[in-house]
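Colleague: Structure in structure tokens, see below.
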Amino acid sequence: MRKSLSNNRKHYIFASNYKASFNHYPIMKTYNIFRYTLLAIAIVLCGSLNAAELANYQLDKDKQPKPEKMVANAKNEIVGYYIGENKDQYHISVQDEGWIPKKGHHVVTISAKDGKGVITAAFSVVNVRATSSTNGKIIGKITNLPGELPETYSCLGYSDGWYKIQYNNQVGWVRYDVAKWWALNTF
């Protein structure tokens, strides 16, 4: 890790080099929301992109959500995010960090592509579509309002920049850049 005079800068450098997950680094989420907000304001003021171009801005279809290392019990029930281990214990995180014995537990990898985990909105409100296209019919919305727990929906898979979710007894699609995939539902 590079040294820095600013604590915020040091945390940002650490988070950007961290190999596991940004889930534990709210500064990165805040930074991304701030970046997209500034982008939207600049686009509106300059009028350089129309609505269709804005909807497809930076949608990298090859981008994949990173799989998460998790710790599961003997029944394959996920007990927490894997942080590390020593000779006898796994270091895990759920909403706090702790240690659990290795006996009766094992490390597994969870992936959105395999239809594991849950999806929440990365912004206050995001569209759920009937197909994996910005031209697809909007069948609903997912909210993540300040001061409230975010709505969560089961992830059924991931393909070409879109999460496939279970939405009110039907299949829906949400773009990866407006949603957040979580390997474990702790909400």
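Each chain of the structure tokens is named A, B, ... in the order shown, its residues numbered from 1; ligands are numbered from 1 in display order.
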Within 7 Å of Gln89 of chain A, counting only C-alpha atoms, which residues qualify if same-chain residues fewer than 3 places away don't, as a short mmCIF file (atom, residue, chain, number, x, y, z; two decimals) with all heavy atoms, in the first residue's frame?
Modeller:
data_model
loop_
_atom_site.label_atom_id
_atom_site.label_comp_id
_atom_site.auth_asym_id
_atom_site.auth_seq_id
_atom_site.Cartn_x
_atom_site.Cartn_y
_atom_site.Cartn_z
N GLU A 85 -7.88 -16.19 7.28
CA GLU A 85 -7.92 -17.37 8.14
C GLU A 85 -6.60 -17.52 8.87
O GLU A 85 -5.58 -16.95 8.49
CB GLU A 85 -8.23 -18.63 7.34
CG GLU A 85 -7.21 -18.95 6.25
CD GLU A 85 -7.66 -20.09 5.37
OE1 GLU A 85 -7.47 -21.25 5.79
OE2 GLU A 85 -8.19 -19.81 4.28
N ASN A 86 -6.65 -18.27 9.94
CA ASN A 86 -5.43 -18.72 10.61
C ASN A 86 -5.50 -20.25 10.67
O ASN A 86 -6.32 -20.85 9.96
CB ASN A 86 -5.26 -18.05 11.99
CG ASN A 86 -6.38 -18.40 12.96
OD1 ASN A 86 -7.03 -19.43 12.84
ND2 ASN A 86 -6.59 -17.54 13.94
N TRP A 99 -14.59 -14.26 14.16
CA TRP A 99 -13.87 -15.50 13.86
C TRP A 99 -14.78 -16.68 14.14
O TRP A 99 -15.51 -16.69 15.13
CB TRP A 99 -12.62 -15.60 14.72
CG TRP A 99 -11.59 -14.56 14.37
CD1 TRP A 99 -11.51 -13.29 14.86
CD2 TRP A 99 -10.51 -14.71 13.46
NE1 TRP A 99 -10.45 -12.63 14.30
CE2 TRP A 99 -9.81 -13.50 13.44
CE3 TRP A 99 -10.05 -15.75 12.66
CZ2 TRP A 99 -8.68 -13.28 12.66
CZ3 TRP A 99 -8.93 -15.56 11.89
CH2 TRP A 99 -8.26 -14.33 11.89
N ILE A 100 -14.73 -17.69 13.26
CA ILE A 100 -15.48 -18.93 13.48
C ILE A 100 -14.53 -20.10 13.27
O ILE A 100 -13.56 -19.99 12.51
CB ILE A 100 -16.71 -19.06 12.56
CG1 ILE A 100 -16.30 -19.03 11.09
CG2 ILE A 100 -17.73 -17.97 12.85
CD1 ILE A 100 -17.43 -19.38 10.14
N PRO A 101 -14.79 -21.23 13.93
CA PRO A 101 -13.88 -22.37 13.77
C PRO A 101 -13.93 -22.94 12.36
O PRO A 101 -14.97 -22.93 11.70
CB PRO A 101 -14.41 -23.39 14.79
CG PRO A 101 -15.80 -22.96 15.09
CD PRO A 101 -15.89 -21.50 14.84
N LYS A 102 -12.79 -23.43 11.88
CA LYS A 102 -12.74 -24.06 10.57
C LYS A 102 -13.52 -25.37 10.57
O LYS A 102 -14.12 -25.73 9.55
CB LYS A 102 -11.30 -24.32 10.15
CG LYS A 102 -10.58 -23.11 9.63
CD LYS A 102 -9.23 -23.50 9.07
CE LYS A 102 -8.56 -22.33 8.40
NZ LYS A 102 -7.24 -22.70 7.87
#
Colleague: Using only C-alpha atoms, determine which residues lie at most 9 Å from Leu156 of chain A, disregarding the query and same-chain residues fewer than 2 positions distant; provide the list as a VMD selection string.
Modeller: chain A and resid 112 to 118 154 158 163 to 166 171
Colleague: Given only C-alpha atoms as the basis, pick out the residue of A:Gln170, A:Gly98, A:Thr143, A:Val108 nearest to Val125 of chain A.
Modeller: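 When distances to Val125 of chain A are compared using only C-alpha atoms, the smallest one comes from A:Thr143.
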Colleague: Pick out the closest residue to Phe123 of chain A from this set: A:Asp96, A:Glu68, A:Asp160, A:Asp177. Count only C-alpha atoms.
Modeller: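 Smallest separation from Phe123 of chain A among the options: A:Asp177.
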Colleague: Quote the spacing between atom CA of Glu77 of chain A and atom CA of Ser111 of chain A in Å to one decimal place.
Modeller: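 A separation of 14.9 Å between them.
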Colleague: One decimal, in Å: what's the spacing between atom CA of Thr152 of chain A and atom CA of Ile119 of chain A?
Modeller: 5.5 Å
Colleague: Can you measure atom CA of Val126 of chain A to atom CA of Lys141 of chain A for me? One decimal in Å is fine.
Modeller: 5.5 Å
Colleague: Give the answer as one residue: which of A:Ile83, A:Ile78, A:Ile110, A:Ala122 has the shortest atom-to-atom distance to Ala179 of chain A, using only C-alpha atoms?
Modeller: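 Result for the nearest residue to Ala179 of chain A: A:Ala122.
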